[in-house]
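Enquirer: Below you will find the structure I want to go over with you.
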Amino acid sequence: MEAAWASAVDRATGIADCTKRFFLSFRRPPPQSGPNPIDILKRLQRQAFYDIMQLRERQEKVERVLSLWKTSKSGPFAEESTRVKGVINVTGSLTRDSSDADSGISSRFVFQTTVRKKDSLFAELVTDHRFMSQENDHIGSPLVLSKVMYLSNISDSLSVAAVPVGARCDDFSTDPNIREEHWLASLRSSLRPPLLIKRHKYAGGLILGSKNFAASFAALISTAGNPLNAGEASRVLTGFGQTSYQMADDLRLTLSAAWHGPSVISRTSKPASGGCMDFELKIDEDSRIGAWIEINKKSNSRSLRWALTLSDTPEDDLGWGVSLRRGTEAKPQRFQVEGFLNLHLGKKAVLQPAIVFNVDGRRCTPALVFQSSWSL
């Protein structure tokens with residue numbers, strides 16, 4: 001009887017415990033001390049919105065660049081107010097005489113900006129293999145500002161040019177095509193006198209033009225280096241003048257002259273001086289006949305250089321050129337006979353293989369010279 005009574009009490013206690021746990025399951029759980037899930041969702045939403053806006057801005061920038069690239073002919077940098085030109089020149093030679101060899105890779109970048117609708121501002125940056133140092137294992141050569149030029153077109157017949165950095169006589173040419181071409185330098189330097197392509201410190205000049213006649217005048221200043229004596233001038237003045245006359249539809253005669261000497265004449269020593277004259281007959285847009293002579297006089301010596309040139313370099317066909325030259329920078333008595341081919345590979349690349357015969361007295365040394373240029 002007692003065992004049955006104890007069993008009934010145990011069952012009642014178990015039923016009471018189950019009933020208590022059942023009703024307690026409907027109560028709210030106690031508050032937790034961790035972060036609120038709603039705040040976490042709000043923070044994630046703000047972060048996602050910020051990331052979406054960043055991606056949208058980047059997408060808009062990419063779309064603008066792509067649209068500009070599609071609408072432009074030369075790329076996103078060829079705008080109406082600014083033009084960019086780049087050229088990479090590669091020169092190599094095979095010769096036993098390396099006194100006049102100038103091999104290597106150089107590049108040039110020219111920026112032309114339109115100012116006040118008529119004027120132009122030019123800036124030229126160059127890299128040259130001569131700046132590279134093999135001892136320090138420099139992979140690239142430094143980018144150097146080599147020229148700054150401002151061309152003011154006052155009227156259709158009068159222009160004023162100022163070159164505060166890296167001036168050349170060709171900056172003041174009466175032919176606009178030559179003035180633009182010399183920035184992306186011609187591969188054959190023997191076609192022009194050395195004085196006309198020499199770099200100076202700064203310059204200024206005038207360019208006058210009409211339908212059949214044009215003239216230009218300029219003064220260029222360069223540094224003479226370290227004077228040997230205290231009385232010698234440290235600056236060299238170069239005067240340049242050019243006249244051009246259109247004799248027929250495709251026939252133009254151009255005469256250029258330059259003279260250089262010290263800006264201040266020394267009383268204690270004879271300063272170095274000299275000059276050159278250049279004649280060029282342009283038969284059509286591609287064919288030219290030229291002749292030039294240059295004289296340089298130093299304290300105890302005088303050197304005479306001259307050249308005769310003939311070239312035909314069309315842009316859509318195989319071109320050629322020949323020149324006979326006397327005197328180089330290293331050997332004033334040397335004769336050079338040169339012939340080259342001019343091959344355009346599309347509108348971006350030019351190849352010019354050449355053969356040069358250097359004649360020193362009875363000795364003749366041939367040389368193969370290869371030059372190429374790529375426009376960007």
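Just remember, in the structure tokens the first chain shown is A, the second B, etc., residues are 1-based per chain, and ligands are 1-based in the order shown.
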Mind checking which residues fall within 6 Å of Ser372 (chain A), counting only C-alpha atoms, ignoring those fewer than 4 positions away in the same chain, and posting them as a list in words?

Expert: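 After dropping sequence-adjacent residues, the list is Asn89, Val90, Val350, Leu351 and Gln352 of chain A.
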
Enquirer: Excluding Lys118 (chain A) and residues on its chain fewer than 2 positions from it, collect all residues at most 12 Å away from it, counting only C-alpha atoms, and give them as a PDB file with N, CA, C and O atoms, in the first residue's frame.

Expert:
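Done, and the output landed in selection_34.pdb:
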```pdb
ATOM      1  N   SER A  81      42.474  71.627 -78.355  1.00  0.00           N
ATOM      2  CA  SER A  81      43.381  72.635 -77.822  1.00  0.00           C
ATOM      3  C   SER A  81      44.780  72.108 -77.547  1.00  0.00           C
ATOM      4  O   SER A  81      45.707  72.887 -77.446  1.00  0.00           O
ATOM      5  N   THR A 113      49.914  73.349 -77.329  1.00  0.00           N
ATOM      6  CA  THR A 113      48.679  73.849 -76.719  1.00  0.00           C
ATOM      7  C   THR A 113      48.272  75.144 -77.399  1.00  0.00           C
ATOM      8  O   THR A 113      49.098  76.042 -77.593  1.00  0.00           O
ATOM      9  N   THR A 114      47.025  75.251 -77.756  1.00  0.00           N
ATOM     10  CA  THR A 114      46.490  76.469 -78.363  1.00  0.00           C
ATOM     11  C   THR A 114      46.147  77.477 -77.288  1.00  0.00           C
ATOM     12  O   THR A 114      45.461  77.156 -76.313  1.00  0.00           O
ATOM     13  N   VAL A 115      46.632  78.703 -77.474  1.00  0.00           N
ATOM     14  CA  VAL A 115      46.413  79.780 -76.516  1.00  0.00           C
ATOM     15  C   VAL A 115      45.766  80.950 -77.261  1.00  0.00           C
ATOM     16  O   VAL A 115      46.247  81.346 -78.326  1.00  0.00           O
ATOM     17  N   ARG A 116      44.683  81.447 -76.703  1.00  0.00           N
ATOM     18  CA  ARG A 116      43.993  82.617 -77.271  1.00  0.00           C
ATOM     19  C   ARG A 116      43.580  82.385 -78.720  1.00  0.00           C
ATOM     20  O   ARG A 116      43.605  83.295 -79.551  1.00  0.00           O
ATOM     21  N   SER A 120      50.259  79.581 -80.068  1.00  0.00           N
ATOM     22  CA  SER A 120      50.607  78.193 -79.768  1.00  0.00           C
ATOM     23  C   SER A 120      51.745  78.170 -78.763  1.00  0.00           C
ATOM     24  O   SER A 120      52.680  78.976 -78.845  1.00  0.00           O
ATOM     25  N   LEU A 121      51.658  77.244 -77.832  1.00  0.00           N
ATOM     26  CA  LEU A 121      52.703  77.014 -76.834  1.00  0.00           C
ATOM     27  C   LEU A 121      53.215  75.592 -77.003  1.00  0.00           C
ATOM     28  O   LEU A 121      52.440  74.633 -76.956  1.00  0.00           O
ATOM     29  N   TYR A 150      56.945  79.788 -77.538  1.00  0.00           N
ATOM     30  CA  TYR A 150      55.645  80.458 -77.642  1.00  0.00           C
ATOM     31  C   TYR A 150      55.596  81.176 -78.985  1.00  0.00           C
ATOM     32  O   TYR A 150      56.448  82.018 -79.292  1.00  0.00           O
ATOM     33  N   LEU A 151      54.609  80.833 -79.806  1.00  0.00           N
ATOM     34  CA  LEU A 151      54.429  81.421 -81.133  1.00  0.00           C
ATOM     35  C   LEU A 151      53.147  82.236 -81.133  1.00  0.00           C
ATOM     36  O   LEU A 151      52.053  81.692 -80.958  1.00  0.00           O
ATOM     37  N   SER A 152      53.294  83.539 -81.313  1.00  0.00           N
ATOM     38  CA  SER A 152      52.159  84.453 -81.323  1.00  0.00           C
ATOM     39  C   SER A 152      51.878  84.897 -82.755  1.00  0.00           C
ATOM     40  O   SER A 152      52.719  85.546 -83.387  1.00  0.00           O
ATOM     41  N   ASN A 153      50.717  84.528 -83.269  1.00  0.00           N
ATOM     42  CA  ASN A 153      50.307  84.911 -84.615  1.00  0.00           C
ATOM     43  C   ASN A 153      49.514  86.210 -84.529  1.00  0.00           C
ATOM     44  O   ASN A 153      48.298  86.221 -84.303  1.00  0.00           O
ATOM     45  N   ILE A 154      50.221  87.314 -84.685  1.00  0.00           N
ATOM     46  CA  ILE A 154      49.580  88.622 -84.563  1.00  0.00           C
ATOM     47  C   ILE A 154      48.597  88.859 -85.705  1.00  0.00           C
ATOM     48  O   ILE A 154      47.504  89.395 -85.507  1.00  0.00           O
ATOM     49  N   SER A 155      48.985  88.462 -86.895  1.00  0.00           N
ATOM     50  CA  SER A 155      48.106  88.568 -88.063  1.00  0.00           C
ATOM     51  C   SER A 155      48.472  87.445 -89.027  1.00  0.00           C
ATOM     52  O   SER A 155      49.320  86.603 -88.738  1.00  0.00           O
ATOM     53  N   ASP A 156      47.816  87.453 -90.188  1.00  0.00           N
ATOM     54  CA  ASP A 156      48.101  86.407 -91.171  1.00  0.00           C
ATOM     55  C   ASP A 156      49.496  86.537 -91.764  1.00  0.00           C
ATOM     56  O   ASP A 156      50.037  85.564 -92.296  1.00  0.00           O
ATOM     57  N   LEU A 158      52.217  88.220 -89.968  1.00  0.00           N
ATOM     58  CA  LEU A 158      53.218  88.548 -88.956  1.00  0.00           C
ATOM     59  C   LEU A 158      53.064  87.625 -87.757  1.00  0.00           C
ATOM     60  O   LEU A 158      51.968  87.483 -87.208  1.00  0.00           O
ATOM     61  N   SER A 159      54.182  87.011 -87.366  1.00  0.00           N
ATOM     62  CA  SER A 159      54.219  86.153 -86.187  1.00  0.00           C
ATOM     63  C   SER A 159      55.473  86.474 -85.391  1.00  0.00           C
ATOM     64  O   SER A 159      56.505  86.839 -85.949  1.00  0.00           O
ATOM     65  N   VAL A 160      55.358  86.361 -84.077  1.00  0.00           N
ATOM     66  CA  VAL A 160      56.471  86.595 -83.163  1.00  0.00           C
ATOM     67  C   VAL A 160      56.704  85.315 -82.370  1.00  0.00           C
ATOM     68  O   VAL A 160      55.753  84.728 -81.842  1.00  0.00           O
TER      69      VAL A 160
END
```

Enquirer: I want to know what sits within 8 Å of Pro366 (chain A), based on only C-alpha atoms, with residues of the same chain fewer than 5 positions away left out; could you give that as a PyMOL selection string?

Expert: chain A and resi 95+355-358

Enquirer: Could you write those residues out with C-alpha atoms, as a PDB file, in the first residue's frame?

Expert:
```
ATOM      1  CA  THR A  95      81.899  50.565 -89.141  1.00  0.00           C
ATOM      2  CA  ILE A 355      75.584  53.448 -96.686  1.00  0.00           C
ATOM      3  CA  VAL A 356      78.338  55.983 -95.998  1.00  0.00           C
ATOM      4  CA  PHE A 357      81.844  56.109 -97.472  1.00  0.00           C
ATOM      5  CA  ASN A 358      84.357  58.026 -95.361  1.00  0.00           C
TER       6      ASN A 358
END
```

Enquirer: Determine the nearest neighbour of Gly204 (chain A) from the options A:Cys169, A:Ala161, A:Glu124, A:Thr174, counting only C-alpha atoms.

Expert: A:Ala161

Enquirer: Under the rule that only C-alpha atoms are counted, which of A:Val236, A:Ala48, A:Cys276, A:Val148 is the nearest residue to Leu255 (chain A)?

Expert: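 The closest residue to Leu255 (chain A) is A:Cys276.
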
Enquirer: Using only C-alpha atoms, which of A:Arg108, A:Arg326, A:Arg192, A:Lys201 sits nearest Val163 (chain A)?

Expert: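 Smallest separation from Val163 (chain A) among the options: A:Lys201.
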
Enquirer: Can I get the residues of region 192-248 of chain A within 10 Å of region 287-311 of chain A, each with the closest pair of atoms and their distance in Å to one decimal, using only C-alpha atoms, sorted chain first then ascending number, as a Markdown table?

Expert:
```
| residue | atom | partner | partner_atom | distance |
| --- | --- | --- | --- | --- |
| A:Arg192 | CA | A:Trp292 | CA | 7.3 |
| A:Pro193 | CA | A:Trp292 | CA | 6.3 |
| A:Pro194 | CA | A:Glu294 | CA | 8.1 |
| A:Leu195 | CA | A:Glu294 | CA | 7.8 |
```

Enquirer: Only all heavy atoms, please: the residues just picked out, written as an mmCIF file, in the first residue's frame.

Expert:
```cif
data_model
loop_
_atom_site.group_PDB
_atom_site.id
_atom_site.type_symbol
_atom_site.label_atom_id
_atom_site.label_comp_id
_atom_site.auth_asym_id
_atom_site.auth_seq_id
_atom_site.Cartn_x
_atom_site.Cartn_y
_atom_site.Cartn_z
ATOM 1 N N ARG A 192 71.321 69.408 -93.657
ATOM 2 C CA ARG A 192 71.291 70.768 -93.132
ATOM 3 C C ARG A 192 72.651 71.138 -92.559
ATOM 4 O O ARG A 192 73.382 70.281 -92.061
ATOM 5 C CB ARG A 192 70.231 70.910 -92.023
ATOM 6 C CG ARG A 192 68.844 70.475 -92.408
ATOM 7 C CD ARG A 192 68.267 71.274 -93.555
ATOM 8 N NE ARG A 192 68.316 72.698 -93.330
ATOM 9 C CZ ARG A 192 67.428 73.370 -92.603
ATOM 10 N NH1 ARG A 192 66.441 72.725 -92.012
ATOM 11 N NH2 ARG A 192 67.524 74.670 -92.461
ATOM 12 N N PRO A 193 73.004 72.424 -92.544
ATOM 13 C CA PRO A 193 74.258 72.852 -91.901
ATOM 14 C C PRO A 193 74.203 72.611 -90.394
ATOM 15 O O PRO A 193 73.142 72.758 -89.771
ATOM 16 C CB PRO A 193 74.322 74.348 -92.225
ATOM 17 C CG PRO A 193 73.391 74.557 -93.359
ATOM 18 C CD PRO A 193 72.320 73.515 -93.231
ATOM 19 N N PRO A 194 75.312 72.247 -89.784
ATOM 20 C CA PRO A 194 75.296 71.999 -88.335
ATOM 21 C C PRO A 194 74.875 73.211 -87.522
ATOM 22 O O PRO A 194 74.245 73.063 -86.474
ATOM 23 C CB PRO A 194 76.756 71.592 -88.038
ATOM 24 C CG PRO A 194 77.279 71.065 -89.333
ATOM 25 C CD PRO A 194 76.614 71.871 -90.395
ATOM 26 N N LEU A 195 75.198 74.426 -87.988
ATOM 27 C CA LEU A 195 74.853 75.618 -87.222
ATOM 28 C C LEU A 195 73.345 75.833 -87.161
ATOM 29 O O LEU A 195 72.828 76.352 -86.168
ATOM 30 C CB LEU A 195 75.542 76.846 -87.827
ATOM 31 C CG LEU A 195 75.349 78.171 -87.083
ATOM 32 C CD1 LEU A 195 75.818 78.070 -85.640
ATOM 33 C CD2 LEU A 195 76.070 79.309 -87.800
#
```

Enquirer: Would you mind telling me which residue in A:Gly319, A:Gln333, A:Asn342, A:Arg64 lies nearest to Gly361 (chain A) when using only C-alpha atoms?

Expert: A:Gln333

Enquirer: State, in Å with one decimal place, the distance from CA of Gln336 (chain A) to CA of Gly275 (chain A).

Expert: 21.1 Å

Enquirer: Skipping near chain neighbours, those fewer than 3 positions away, what residues fall within 10 Å of region 210-218 of chain A using only C-alpha atoms, listed as an MDAnalysis selection string?

Expert: chainID A and resid 156:162 168:169 171:175 203:207 238:249 252:258

Enquirer: Could you tell me how far CA of Pro164 (chain A) lies from CA of Met277 (chain A), in Å and to one decimal?

Expert: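 Rounded to one decimal, the two atoms are 25.0 Å apart.
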